[in-house]
>>> print(open('final.txt').read())   # compact mmCIF, C-alpha atoms and all ligand atoms
# COMPACT_ATOMS: atom_id res chain seq x y z
CA MET A 25 -11.90 46.84 -47.52
CA VAL A 26 -10.56 43.42 -48.52
CA SER A 27 -9.55 43.31 -52.17
CA GLU A 28 -10.75 40.65 -54.60
CA THR A 29 -7.21 39.18 -54.81
CA THR A 30 -6.89 38.91 -51.02
CA ARG A 31 -10.33 37.26 -50.79
CA ASN A 32 -9.33 34.68 -53.46
CA LEU A 33 -6.09 34.00 -51.64
CA LEU A 34 -7.87 33.48 -48.28
CA HIS A 35 -10.37 31.13 -49.92
CA LYS A 36 -7.53 29.08 -51.48
CA LEU A 37 -5.80 28.88 -48.09
CA THR A 38 -8.97 27.61 -46.41
CA VAL A 39 -9.38 24.90 -49.08
CA VAL A 40 -5.75 23.82 -48.66
CA LYS A 41 -6.12 23.76 -44.85
CA ARG A 42 -9.23 21.55 -45.05
CA HIS A 43 -7.40 19.18 -47.42
CA VAL A 44 -4.40 18.92 -45.06
CA ILE A 45 -6.68 18.20 -42.07
CA LYS A 46 -8.53 15.48 -44.05
CA CYS A 47 -5.20 13.84 -44.99
CA LEU A 48 -4.07 13.91 -41.35
CA ILE A 49 -7.33 12.40 -40.13
CA LYS A 50 -7.02 9.63 -42.72
CA ALA A 51 -3.40 8.91 -41.81
CA THR A 52 -3.87 8.81 -38.03
CA GLY A 53 -7.40 7.47 -37.78
CA LYS A 54 -8.05 10.20 -35.17
CA GLY A 55 -11.14 11.44 -37.01
CA HIS A 56 -12.88 8.16 -36.25
CA ILE A 57 -12.17 8.49 -32.53
CA ALA A 58 -13.14 12.13 -32.44
CA ARG A 59 -16.48 11.54 -34.18
CA ASN A 60 -17.53 8.30 -32.47
CA THR A 61 -19.36 9.29 -29.30
CA ASN A 62 -19.43 5.70 -28.03
CA GLU A 63 -15.67 5.50 -28.02
CA TYR A 64 -15.44 8.81 -26.21
CA THR A 65 -17.75 7.57 -23.47
CA ALA A 66 -15.84 4.28 -23.31
CA ILE A 67 -12.72 6.24 -22.32
CA GLY A 68 -14.50 7.98 -19.46
CA LYS A 69 -16.58 5.04 -18.22
CA ASP A 70 -16.63 4.19 -14.55
CA PRO A 71 -15.65 0.56 -13.94
CA ALA A 72 -17.09 0.73 -10.42
CA VAL A 73 -20.52 1.09 -11.99
CA ASP A 74 -20.14 -0.88 -15.19
CA GLU A 75 -18.31 -3.97 -13.94
CA VAL A 76 -20.10 -4.71 -10.68
CA GLY A 77 -22.15 -7.85 -11.22
CA LEU A 78 -19.89 -9.28 -13.92
CA LYS A 79 -18.59 -12.81 -13.51
CA LYS A 80 -14.91 -13.04 -12.62
CA SER A 81 -14.51 -15.10 -15.78
CA ASP A 82 -15.76 -12.14 -17.86
CA LEU A 83 -13.14 -9.68 -16.61
CA ASP A 84 -10.45 -8.61 -19.01
CA THR A 85 -6.90 -9.38 -17.90
CA PRO A 86 -4.51 -8.72 -16.33
CA VAL A 87 -6.70 -7.88 -13.35
CA LEU A 88 -5.94 -7.56 -9.64
CA TRP A 89 -8.69 -9.10 -7.53
CA VAL A 90 -9.35 -10.02 -3.93
CA ASP A 91 -11.49 -12.79 -2.52
CA LEU A 92 -13.85 -10.78 -0.30
CA ASP A 93 -14.83 -13.70 1.94
CA LYS A 94 -11.18 -14.42 2.72
CA LEU A 95 -10.28 -10.74 3.17
CA GLU A 96 -13.15 -10.19 5.60
CA ASP A 97 -12.32 -13.40 7.52
CA ASN A 98 -8.71 -12.25 7.77
CA ILE A 99 -9.68 -8.85 9.10
CA ILE A 100 -12.03 -10.32 11.69
CA SER A 101 -9.51 -12.94 12.84
CA LEU A 102 -6.72 -10.34 13.15
CA GLY A 103 -9.02 -8.03 15.12
CA SER A 104 -9.93 -10.90 17.48
CA PHE A 105 -6.30 -11.99 17.78
CA PHE A 106 -5.14 -8.55 18.91
CA HIS A 107 -8.12 -8.15 21.20
CA ALA A 108 -7.28 -11.48 22.87
CA ALA A 109 -3.61 -10.44 23.15
CA GLY A 110 -4.65 -7.22 24.93
CA VAL A 111 -2.99 -4.90 22.41
CA GLN A 112 -4.45 -2.35 20.07
CA TRP A 113 -4.33 -2.74 16.32
CA ARG A 114 -3.22 0.06 14.02
CA PRO A 115 -2.89 -1.62 10.59
CA HIS A 116 -0.29 -0.25 8.22
CA THR A 117 -1.92 0.94 5.00
CA LYS A 118 1.26 1.24 2.90
CA GLY A 119 0.27 -1.95 1.07
CA VAL A 120 -3.49 -1.68 1.52
CA LYS A 121 -4.01 1.82 0.10
CA ILE A 122 -7.80 1.52 -0.05
CA PRO A 123 -9.71 3.41 2.67
CA ALA A 124 -12.71 1.04 2.44
CA ILE A 125 -10.47 -1.83 3.58
CA ALA A 126 -9.04 0.28 6.41
CA HIS A 127 -12.62 0.99 7.51
CA LYS A 128 -13.34 -2.77 7.55
CA ALA A 129 -10.37 -3.16 9.93
CA ILE A 130 -11.67 -0.34 12.13
CA ARG A 131 -15.07 -2.04 12.29
CA ALA A 132 -13.18 -5.18 13.41
CA GLY A 133 -11.54 -3.30 16.30
CA ALA A 134 -8.58 -1.36 14.84
CA ILE A 135 -8.10 2.03 16.53
CA GLY A 136 -6.95 3.81 13.38
CA VAL A 137 -4.23 3.32 10.79
CA THR A 138 -0.50 3.57 10.27
CA CYS A 139 0.66 5.30 7.07
CA ALA A 140 4.05 5.45 5.39
CA LYS A 141 3.59 8.89 3.85
CA LEU A 142 1.71 12.06 4.59
CA GLY A 143 -0.11 11.74 1.24
CA GLU A 144 -1.39 8.33 2.27
CA ALA A 145 -2.54 9.82 5.57
CA GLU A 146 -4.41 12.59 3.73
CA VAL A 147 -6.32 9.96 1.75
CA MET A 148 -7.22 8.08 4.93
CA VAL A 149 -8.29 11.25 6.75
CA ALA A 150 -10.40 12.31 3.75
CA SER A 151 -12.21 8.98 4.09
CA GLY A 152 -13.13 9.81 7.69
CA ILE A 153 -10.37 8.03 9.66
CA THR A 154 -9.39 10.18 12.60
CA ASP A 155 -6.57 8.34 14.38
CA ILE A 156 -3.44 8.29 12.24
CA LEU A 157 0.21 7.44 12.75
CA VAL A 158 2.59 8.48 9.98
CA ALA A 159 5.38 6.05 10.85
CA ASN A 160 7.95 8.16 9.09
CA GLN A 161 9.79 11.45 9.38
CA VAL A 162 8.01 14.48 7.89
CA VAL A 163 10.63 16.88 6.58
CA GLY A 164 10.46 20.07 4.51
CA PRO A 165 8.30 23.24 4.63
CA GLN A 166 5.54 22.06 2.27
CA LYS A 167 5.08 18.86 4.19
CA VAL A 168 5.05 20.62 7.56
CA THR A 169 2.31 22.93 6.25
CA ARG A 170 0.28 19.92 5.08
CA LEU A 171 0.92 18.18 8.39
CA VAL A 172 -0.45 21.01 10.53
CA ASN A 173 -3.46 21.29 8.21
CA LEU A 174 -4.08 17.57 8.66
CA CYS A 175 -3.80 17.96 12.44
CA ARG A 176 -6.87 20.21 12.30
CA GLN A 177 -8.88 17.31 10.91
CA ALA A 178 -7.59 14.30 12.80
CA ASP A 179 -5.44 13.05 15.67
CA VAL A 180 -2.20 12.74 13.71
CA LYS A 181 1.05 11.42 15.12
CA ILE A 182 4.35 11.29 13.27
CA ALA A 183 7.72 9.65 13.95
CA VAL A 184 10.68 11.81 14.93
CA ASP A 185 14.27 10.61 15.32
CA SER A 186 16.17 13.89 15.63
CA ASP A 187 15.77 17.33 17.17
CA ALA A 188 16.60 18.94 13.77
CA THR A 189 12.94 19.34 12.80
CA LEU A 190 11.41 20.25 16.16
CA ALA A 191 11.67 24.05 15.94
CA VAL A 192 10.09 24.26 12.45
CA MET A 193 7.23 21.97 13.44
CA SER A 194 6.70 23.82 16.69
CA GLN A 195 6.41 27.18 14.92
CA ALA A 196 4.01 25.83 12.29
CA ALA A 197 1.84 24.13 14.91
CA ILE A 198 1.60 27.23 17.09
CA GLN A 199 0.77 29.39 14.08
CA LYS A 200 -2.00 27.01 13.07
CA GLY A 201 -3.26 26.54 16.61
CA VAL A 202 -2.79 22.76 16.62
CA GLU A 203 -0.60 20.17 18.33
CA ILE A 204 1.38 17.64 16.33
CA GLY A 205 1.44 14.21 17.98
CA ILE A 206 4.97 12.81 18.19
CA LEU A 207 6.33 9.29 18.66
CA VAL A 208 10.09 9.09 19.03
CA GLU A 209 11.32 6.41 16.61
CA LEU A 210 13.96 3.96 17.82
CA ASN A 211 16.38 1.84 15.85
CA THR A 212 16.13 -1.52 17.55
CA GLY A 213 18.06 -3.50 14.94
CA MET A 214 16.57 -2.76 11.54
CA ASN A 215 19.19 -0.10 10.92
CA ARG A 216 16.85 2.17 9.00
CA ALA A 217 15.76 5.41 10.65
CA GLY A 218 15.52 5.80 14.42
CA VAL A 219 17.46 7.14 17.36
CA GLU A 220 19.33 4.62 19.49
CA PRO A 221 17.32 3.10 22.35
CA GLY A 222 18.03 4.03 25.97
CA GLY A 223 19.72 7.37 26.78
CA PRO A 224 19.55 9.01 23.30
CA ALA A 225 15.84 8.16 22.94
CA VAL A 226 15.04 9.42 26.44
CA GLU A 227 16.94 12.64 25.72
CA LEU A 228 15.03 13.24 22.48
CA SER A 229 11.72 12.41 24.20
CA ARG A 230 12.49 15.04 26.84
CA LYS A 231 13.17 17.66 24.13
CA VAL A 232 9.96 16.81 22.26
CA HIS A 233 7.93 16.99 25.45
CA ALA A 234 9.38 20.43 26.23
CA THR A 235 8.62 21.83 22.75
CA PRO A 236 5.44 23.93 22.48
CA GLY A 237 3.07 22.83 19.73
CA LEU A 238 4.27 19.23 19.92
CA ALA A 239 2.40 16.60 21.91
CA TYR A 240 4.78 13.86 23.02
CA ARG A 241 2.83 10.57 22.91
CA GLY A 242 5.47 7.85 23.23
CA LEU A 243 7.76 5.61 21.16
CA MET A 244 7.76 3.42 18.08
CA ALA A 245 10.09 0.94 16.40
CA TRP A 246 9.75 -1.63 13.63
CA GLU A 247 11.57 -4.90 14.00
CA GLY A 248 11.30 -5.53 10.25
CA HIS A 249 14.73 -7.16 10.03
CA ALA A 250 13.17 -10.13 11.84
CA CYS A 251 10.73 -10.82 8.95
CA VAL A 252 12.26 -14.12 8.01
CA THR A 253 10.90 -17.65 7.76
CA ASP A 254 8.75 -18.32 10.76
CA GLU A 255 10.48 -21.43 12.01
CA THR A 256 13.78 -20.03 13.17
CA ASP A 257 14.73 -19.60 16.82
CA TRP A 258 16.72 -16.58 15.76
CA LYS A 259 13.52 -14.86 14.65
CA GLU A 260 11.76 -15.18 17.99
CA ASP A 261 14.89 -14.25 19.96
CA GLU A 262 15.53 -11.22 17.78
CA ILE A 263 11.95 -9.97 18.06
CA LYS A 264 12.16 -10.32 21.84
CA ARG A 265 15.49 -8.51 21.92
CA SER A 266 14.26 -5.63 19.68
CA VAL A 267 10.91 -5.17 21.36
CA GLY A 268 12.68 -5.48 24.74
CA LEU A 269 14.80 -2.44 23.83
CA LEU A 270 11.64 -0.53 22.92
CA ALA A 271 9.81 -1.52 26.11
CA ASP A 272 12.80 -0.80 28.34
CA THR A 273 13.21 2.64 26.78
CA ALA A 274 9.51 3.33 27.35
CA GLU A 275 10.00 2.49 31.03
CA ALA A 276 13.07 4.74 31.21
CA CYS A 277 11.02 7.60 29.73
CA ARG A 278 8.20 7.02 32.21
CA ALA A 279 10.76 7.02 35.03
CA GLU A 280 11.64 10.56 33.91
CA GLY A 281 8.00 11.57 34.16
CA LEU A 282 7.38 11.54 30.42
CA PRO A 283 3.81 10.69 29.36
CA VAL A 284 4.33 7.54 27.26
CA ASP A 285 0.81 6.44 26.18
CA ILE A 286 1.82 4.71 22.98
CA VAL A 287 4.49 2.06 22.39
CA SER A 288 3.96 1.09 18.77
CA GLY A 289 5.64 -1.64 16.70
CA GLY A 290 5.16 -4.99 15.07
CA GLY A 291 4.12 -5.88 11.55
CA SER A 292 2.60 -8.77 9.67
CA GLY A 293 5.86 -10.71 9.65
CA THR A 294 6.29 -10.47 13.44
CA TYR A 295 2.91 -9.81 15.09
CA LYS A 296 2.40 -13.30 16.48
CA VAL A 297 5.41 -12.82 18.76
CA THR A 298 5.42 -9.03 19.20
CA SER A 299 1.79 -8.84 20.33
CA GLN A 300 2.54 -11.21 23.23
CA LEU A 301 5.40 -9.15 24.65
CA GLU A 302 5.23 -6.88 27.68
CA GLY A 303 5.26 -3.17 27.08
CA ILE A 304 3.92 -2.92 23.54
CA THR A 305 0.57 -1.10 23.32
CA GLU A 306 -0.22 -1.39 19.62
CA ILE A 307 0.66 -3.47 16.57
CA GLN A 308 1.10 -2.04 13.07
CA ALA A 309 0.43 -5.25 11.06
CA GLY A 310 -1.32 -4.36 7.80
CA GLY A 311 -0.44 -6.66 4.90
CA ALA A 312 -1.72 -9.70 6.80
CA VAL A 313 -5.25 -8.60 5.88
CA PHE A 314 -4.43 -9.88 2.38
CA ASN A 315 -1.59 -12.34 3.03
CA ASP A 316 0.49 -13.59 0.08
CA VAL A 317 3.42 -15.87 -0.78
CA SER A 318 5.98 -13.80 1.21
CA TYR A 319 3.85 -13.18 4.28
CA SER A 320 2.93 -16.88 4.40
CA SER A 321 6.64 -17.74 4.42
CA TRP A 322 7.05 -15.30 7.35
CA GLY A 323 4.45 -17.17 9.36
CA VAL A 324 1.31 -15.14 8.65
CA GLU A 325 -1.64 -17.45 9.16
CA THR A 326 -4.47 -15.56 7.50
CA ASN A 327 -5.82 -16.74 4.12
CA PRO A 328 -3.98 -15.56 1.02
CA SER A 329 -6.67 -13.55 -0.72
CA LEU A 330 -5.02 -11.37 -3.37
CA TYR A 331 -4.57 -12.57 -6.94
CA VAL A 332 -3.73 -11.36 -10.40
CA ARG A 333 -5.64 -13.04 -13.21
CA VAL A 334 -3.64 -13.39 -16.42
CA THR A 335 -4.19 -14.67 -19.96
CA VAL A 336 -1.83 -16.96 -21.84
CA THR A 337 -0.79 -14.94 -24.87
CA SER A 338 1.81 -17.23 -26.44
CA ARG A 339 3.03 -20.85 -26.40
CA PRO A 340 6.37 -20.54 -28.17
CA SER A 341 7.33 -24.10 -27.16
CA PRO A 342 5.77 -27.01 -25.22
CA THR A 343 7.88 -26.11 -22.19
CA ARG A 344 7.17 -22.38 -22.25
CA MET A 345 4.08 -20.25 -21.84
CA ILE A 346 3.84 -16.46 -21.96
CA THR A 347 1.24 -14.38 -20.13
CA ASP A 348 0.06 -10.78 -20.28
CA ALA A 349 1.42 -9.98 -16.78
CA GLY A 350 5.05 -8.98 -16.38
CA TRP A 351 6.64 -7.17 -13.47
CA LYS A 352 4.62 -4.02 -14.09
CA THR A 353 1.58 -6.07 -13.10
CA LEU A 354 2.74 -9.03 -11.02
CA PRO A 355 6.27 -8.52 -9.75
CA GLY A 356 8.45 -11.15 -8.14
CA TRP A 357 10.94 -8.80 -6.49
CA ILE A 358 10.38 -10.43 -3.12
CA GLY A 359 9.32 -14.07 -3.49
CA GLU A 360 7.68 -15.45 -6.61
CA PRO A 361 4.00 -15.31 -7.57
CA VAL A 362 2.38 -18.76 -7.48
CA PRO A 363 0.00 -19.90 -10.23
CA VAL A 364 -3.15 -21.65 -9.07
CA GLY A 365 -3.98 -24.97 -10.73
CA LEU A 366 -0.97 -25.07 -13.03
CA SER A 367 1.27 -28.08 -12.50
CA GLY A 368 4.80 -28.92 -13.62
CA VAL A 369 6.07 -25.34 -13.30
CA GLU A 370 9.86 -25.24 -13.21
CA SER A 371 10.35 -21.48 -13.03
CA ILE A 372 8.62 -18.15 -13.43
CA SER A 373 10.30 -15.01 -14.69
CA MET A 374 9.05 -11.59 -15.61
CA SER A 375 9.97 -8.93 -18.10
CA ALA A 376 8.11 -5.62 -18.05
CA GLU A 377 4.91 -6.77 -19.73
CA HIS A 378 5.44 -10.49 -20.29
CA GLY A 379 5.34 -13.28 -17.76
CA THR A 380 7.30 -16.41 -18.69
CA VAL A 381 6.42 -19.76 -17.17
CA THR A 382 8.78 -22.63 -17.91
CA PHE A 383 7.53 -26.20 -17.47
CA SER A 384 9.81 -29.03 -16.36
CA GLU A 385 8.12 -31.37 -18.91
CA PRO A 386 6.41 -30.51 -22.20
CA ASN A 387 2.86 -29.28 -21.47
CA THR A 388 0.38 -29.37 -24.32
CA ASP A 389 -2.74 -28.82 -22.22
CA VAL A 390 -2.38 -25.09 -21.80
CA ARG A 391 -3.55 -23.09 -24.80
CA ILE A 392 -3.34 -19.51 -25.96
CA GLY A 393 -6.29 -17.67 -24.41
CA ASP A 394 -6.40 -19.80 -21.24
CA VAL A 395 -6.69 -17.82 -18.03
CA PHE A 396 -4.93 -18.41 -14.67
CA ASP A 397 -4.87 -16.80 -11.26
CA PHE A 398 -1.52 -16.09 -9.63
CA MET A 399 -1.28 -15.60 -5.88
CA VAL A 400 0.77 -12.41 -5.55
CA SER A 401 4.30 -12.73 -4.21
CA TYR A 402 4.21 -9.62 -2.02
CA THR A 403 1.14 -7.46 -1.66
CA ASP A 404 3.07 -4.28 -0.97
CA GLN A 405 4.93 -4.58 -4.27
CA THR A 406 1.88 -5.49 -6.35
CA LEU A 407 -1.16 -3.49 -5.29
CA PHE A 408 0.42 -0.07 -5.81
CA LEU A 409 0.99 -0.85 -9.50
CA HIS A 410 -2.75 -1.06 -10.21
CA ASP A 411 -5.53 1.54 -10.53
CA THR A 412 -8.29 -0.72 -9.27
CA LEU A 413 -8.89 -3.76 -7.10
CA TYR A 414 -11.85 -5.98 -7.92
CA GLY A 415 -13.62 -7.44 -4.89
CA ILE A 416 -15.07 -10.83 -5.85
CA ARG A 417 -17.50 -13.01 -3.91
CA ASP A 418 -18.80 -16.34 -5.21
CA GLY A 419 -17.26 -15.62 -8.60
CA ILE A 420 -19.09 -12.29 -9.06
CA VAL A 421 -17.66 -8.75 -8.92
CA GLU A 422 -19.19 -7.14 -5.84
CA VAL A 423 -17.12 -3.98 -5.69
CA VAL A 424 -14.47 -2.19 -7.75
CA TRP A 425 -12.22 -0.15 -5.50
CA THR A 426 -10.09 2.66 -6.83
CA ILE A 427 -6.68 2.35 -5.17
CA THR A 428 -6.84 5.91 -3.94
CA ALA A 429 -3.60 6.07 -1.96
CA ARG A 430 -1.68 4.79 -4.98
CA GLY A 431 1.03 7.23 -6.05
CA LYS A 432 0.79 9.22 -2.81
CA LEU A 433 4.54 9.33 -2.46
CA ARG A 434 4.90 12.74 -0.87
C1 LIG A 501 7.05 1.25 10.23
C2 LIG A 501 6.51 -0.05 9.76
N1 LIG A 501 5.68 -0.73 10.57
C3 LIG A 501 5.14 -1.90 10.21
C4 LIG A 501 5.44 -2.47 8.99
C5 LIG A 501 4.80 -3.76 8.62
O1 LIG A 501 3.81 -3.59 7.68
P1 LIG A 501 3.01 -4.82 7.13
O2 LIG A 501 2.31 -5.42 8.28
O3 LIG A 501 2.04 -4.23 6.15
O4 LIG A 501 3.98 -5.76 6.50
C6 LIG A 501 6.30 -1.81 8.12
C7 LIG A 501 6.62 -2.42 6.84
O5 LIG A 501 7.52 -2.30 6.16
C8 LIG A 501 6.85 -0.57 8.51
O6 LIG A 501 7.68 0.11 7.71
>>> encode(input="final.txt", output="structure tokens")
Amino acid sequence: MVSETTRNLLHKLTVVKRHVIKCLIKATGKGHIARNTNEYTAIGKDPAVDEVGLKKSDLDTPVLWVDLDKLEDNIISLGSFFHAAGVQWRPHTKGVKIPAIAHKAIRAGAIGVTCAKLGEAEVMVASGITDILVANQVVGPQKVTRLVNLCRQADVKIAVDSDATLAVMSQAAIQKGVEIGILVELNTGMNRAGVEPGGPAVELSRKVHATPGLAYRGLMAWEGHACVTDETDWKEDEIKRSVGLLADTAEACRAEGLPVDIVSGGGSGTYKVTSQLEGITEIQAGGAVFNDVSYSSWGVETNPSLYVRVTVTSRPSPTRMITDAGWKTLPGWIGEPVPVGLSGVESISMSAEHGTVTFSEPNTDVRIGDVFDFMVSYTDQTLFLHDTLYGIRDGIVEVVWTITARGKLR
């Protein structure tokens, strides 16, 4: 039995509790959010459904968008270029990250995709892509487990540059009843990962080929150190030298009876030269499907198609304008983003969430609330910062892609 005194005390406590909750709701404004169903649904709304059909001019900023006509033209012209060069195309998706775009490339002739990380490869395989190269080492027990699982769903190849991981991968593959495709990675001048060309690469290839559970498929290298301005003789010579090392090593492996089907290399900054060289079977160029300020400076000839739209949020002086896109949105770590239709720009700098444009002469035309498109400086350093990419055709949102391989760092 609860006594009268206890009951009174409990009642008083309940009244006090209600009062405290009311005060808290008033102070934080949370009660409004909690009770307003419209605001709740606004949080969970699906932009892919709600924003398709909007005019580009009606999108809130900052917003990452792609010109679909240009993107599709780029993909078709790259596919035709590689077809004419007699090499296969395996676009790198490290800076593309959207399976729907990879599928457009496959429809234009690509054989599959290159990925930088296993997590990226899982996203691509989940979208139905079955021919995958993870152009990276896969190290550690969790990753090896994921790798053999992925091999059940797709033809997956990874890069190997040491015999340290062979036994673990072999055991996992045998246990799972799969074969892991292996390309031996060479260092042909980039000085990143990779075994040395010639003897050391042939030796490692022999070991891979002799390891049960591993399917030796060939070699890869990335001559990324030659991604410099297109017009230098050094660039062409260096690409030829690097790819020559790769091709010669492939021949040396074949001379030993090793089954080299794949000799993979090249990227957006080098494909025009690399694709013409003897011995290479496939090109990994990916970012060229978008093109940007940096790729253009490296000789990529597709149409720049990727932009960030920003709003002018402040005009602190006639020679300075501030936008709502800093380096968390529109970085300039490699190259500088270029504003479209804005003249007299002396410099552009970024803090985290503010973009600062300095004019060489006072500019009184630009007002707070004006909106500008910036061509991105480097796709690979911009796209991964965003949740969504808006595909625009004729000024209208046609598709809103979730950037599904974003954050797939493992
Ligand atoms: C292994 C590898 N291949 C190719 C590329 C080129 O990729 P993209 O064509 O997207 O610049 C890179 C880029 O860094 C790379 O790491």
>>> closest_residue(input="final.txt", among="A:Ile156, A:Val332, A:Ile286, A:Leu142", to="Val208 of chain A", atoms="all atoms listed in the file")
A:Ile286
>>> closest_residue(input="final.txt", among="A:Thr353, A:Ser81, A:Thr347, A:Thr403", to="ligand LIG 501 (chain A)", atoms="only C-alpha atoms and all ligand atoms")
A:Thr403
>>> closest_residue(input="final.txt", among="A:Asn98, A:Asn215, A:Thr138, A:Ser194", to="Ile307 of chain A", atoms="only C-alpha atoms")
A:Thr138
>>> residues_around(input="final.txt", residues="Val120 of chain A", least_positions_apart="2", cutoff="8 Å", atoms="all atoms listed in the file", output="list in words")
His116, Thr117, Lys118, Ile122, Ile125, Ala126, Gly310, Gly311, Asp404 and Leu407 of chain A
>>> closest_residue(input="final.txt", among="A:Val313, A:Leu174, A:Ala132, A:Ile263", to="ligand LIG 501 (chain A)", atoms="all atoms listed in the file")
A:Val313
>>> atom_distance(input="final.txt", atom1="atom CA of Val76 of chain A", atom2="atom CA of Thr337 of chain A")
26.1 Å
>>> closest_residue(input="final.txt", among="A:Ile204, A:Val364, A:Ile182, A:Val137", to="Gly152 of chain A", atoms="all atoms listed in the file")
A:Val137
>>> closest_residue(input="final.txt", among="A:Ser292, A:Thr382, A:Asn327, A:Gln308", to="Ser341 of chain A", atoms="all atoms listed in the file")
A:Thr382
>>> residues_around(input="final.txt", residues="Ala145 of chain A", least_positions_apart="5", cutoff="8 Å", atoms="all atoms listed in the file", output="PyMOL selection string")
chain A and resi 139-140+156+158
>>> residues_around(input="final.txt", residues="Arg131 of chain A", least_positions_apart="5", cutoff="12 Å", atoms="all atoms listed in the file", output="JSON, numbers by chain")
{"A": [96, 99, 100, 102, 103, 104, 113, 124, 125, 126, 136, 153]}
>>> residues_near_point(input="final.txt", point="(7.6, -6.8, 14.4)", cutoff="6 Å", atoms="all atoms listed in the file", output="PyMOL selection string")
chain A and resi 246-248+289-291+294-295+298
>>> write_last_selection(input="final.txt", atoms="C-alpha atoms", output="PDB file, in the coordinates of the input")
ATOM      1  CA  TRP A 246       9.750  -1.630  13.630  1.00  0.00           C
ATOM      2  CA  GLU A 247      11.570  -4.900  14.000  1.00  0.00           C
ATOM      3  CA  GLY A 248      11.300  -5.530  10.250  1.00  0.00           C
ATOM      4  CA  GLY A 289       5.640  -1.640  16.700  1.00  0.00           C
ATOM      5  CA  GLY A 290       5.160  -4.990  15.070  1.00  0.00           C
ATOM      6  CA  GLY A 291       4.120  -5.880  11.550  1.00  0.00           C
ATOM      7  CA  THR A 294       6.290 -10.470  13.440  1.00  0.00           C
ATOM      8  CA  TYR A 295       2.910  -9.810  15.090  1.00  0.00           C
ATOM      9  CA  THR A 298       5.420  -9.030  19.200  1.00  0.00           C
TER      10      THR A 298
END
>>> atom_distance(input="final.txt", atom1="atom CA of Val192 of chain A", atom2="atom O6 of ligand LIG 501 (chain A)")
24.7 Å
>>> decode(input="final.txt", residues="segment 392-406 of chain A", atoms="N, CA and C atoms", output="PDB file, in the first residue's frame")
ATOM      1  N   ILE A 392      25.432  41.046 -53.031  1.00  0.00           N
ATOM      2  CA  ILE A 392      25.115  39.945 -52.098  1.00  0.00           C
ATOM      3  C   ILE A 392      23.884  39.216 -52.636  1.00  0.00           C
ATOM      4  N   GLY A 393      23.959  37.896 -52.675  1.00  0.00           N
ATOM      5  CA  GLY A 393      22.841  37.090 -53.197  1.00  0.00           C
ATOM      6  C   GLY A 393      23.062  36.645 -54.632  1.00  0.00           C
ATOM      7  N   ASP A 394      24.028  37.279 -55.345  1.00  0.00           N
ATOM      8  CA  ASP A 394      24.321  36.812 -56.709  1.00  0.00           C
ATOM      9  C   ASP A 394      24.887  35.394 -56.646  1.00  0.00           C
ATOM     10  N   VAL A 395      24.721  34.685 -57.751  1.00  0.00           N
ATOM     11  CA  VAL A 395      25.119  33.270 -57.790  1.00  0.00           C
ATOM     12  C   VAL A 395      26.093  33.059 -58.946  1.00  0.00           C
ATOM     13  N   PHE A 396      27.162  32.273 -58.697  1.00  0.00           N
ATOM     14  CA  PHE A 396      28.157  31.984 -59.749  1.00  0.00           C
ATOM     15  C   PHE A 396      28.494  30.503 -59.757  1.00  0.00           C
ATOM     16  N   ASP A 397      28.868  30.024 -60.946  1.00  0.00           N
ATOM     17  CA  ASP A 397      29.401  28.668 -61.061  1.00  0.00           C
ATOM     18  C   ASP A 397      30.914  28.738 -61.083  1.00  0.00           C
ATOM     19  N   PHE A 398      31.543  27.830 -60.358  1.00  0.00           N
ATOM     20  CA  PHE A 398      33.002  27.677 -60.409  1.00  0.00           C
ATOM     21  C   PHE A 398      33.315  26.321 -61.034  1.00  0.00           C
ATOM     22  N   MET A 399      34.184  26.338 -62.049  1.00  0.00           N
ATOM     23  CA  MET A 399      34.696  25.067 -62.562  1.00  0.00           C
ATOM     24  C   MET A 399      35.626  24.510 -61.483  1.00  0.00           C
ATOM     25  N   VAL A 400      35.476  23.217 -61.138  1.00  0.00           N
ATOM     26  CA  VAL A 400      36.266  22.713 -60.016  1.00  0.00           C
ATOM     27  C   VAL A 400      37.742  22.613 -60.418  1.00  0.00           C
ATOM     28  N   SER A 401      38.609  22.750 -59.429  1.00  0.00           N
ATOM     29  CA  SER A 401      40.046  22.731 -59.723  1.00  0.00           C
ATOM     30  C   SER A 401      40.523  21.305 -59.967  1.00  0.00           C
ATOM     31  N   TYR A 402      40.061  20.368 -59.150  1.00  0.00           N
ATOM     32  CA  TYR A 402      40.463  18.969 -59.329  1.00  0.00           C
ATOM     33  C   TYR A 402      39.314  18.105 -58.810  1.00  0.00           C
ATOM     34  N   THR A 403      38.720  17.410 -59.745  1.00  0.00           N
ATOM     35  CA  THR A 403      37.557  16.567 -59.465  1.00  0.00           C
ATOM     36  C   THR A 403      37.753  15.664 -58.252  1.00  0.00           C
ATOM     37  N   ASP A 404      38.911  14.987 -58.241  1.00  0.00           N
ATOM     38  CA  ASP A 404      39.178  13.988 -57.216  1.00  0.00           C
ATOM     39  C   ASP A 404      39.196  14.602 -55.817  1.00  0.00           C
ATOM     40  N   GLN A 405      39.487  15.886 -55.733  1.00  0.00           N
ATOM     41  CA  GLN A 405      39.545  16.530 -54.419  1.00  0.00           C
ATOM     42  C   GLN A 405      38.272  17.312 -54.124  1.00  0.00           C
ATOM     43  N   THR A 406      37.275  17.220 -54.973  1.00  0.00           N
ATOM     44  CA  THR A 406      36.055  17.999 -54.774  1.00  0.00           C
ATOM     45  C   THR A 406      34.851  17.088 -54.561  1.00  0.00           C
TER      46      THR A 406
END
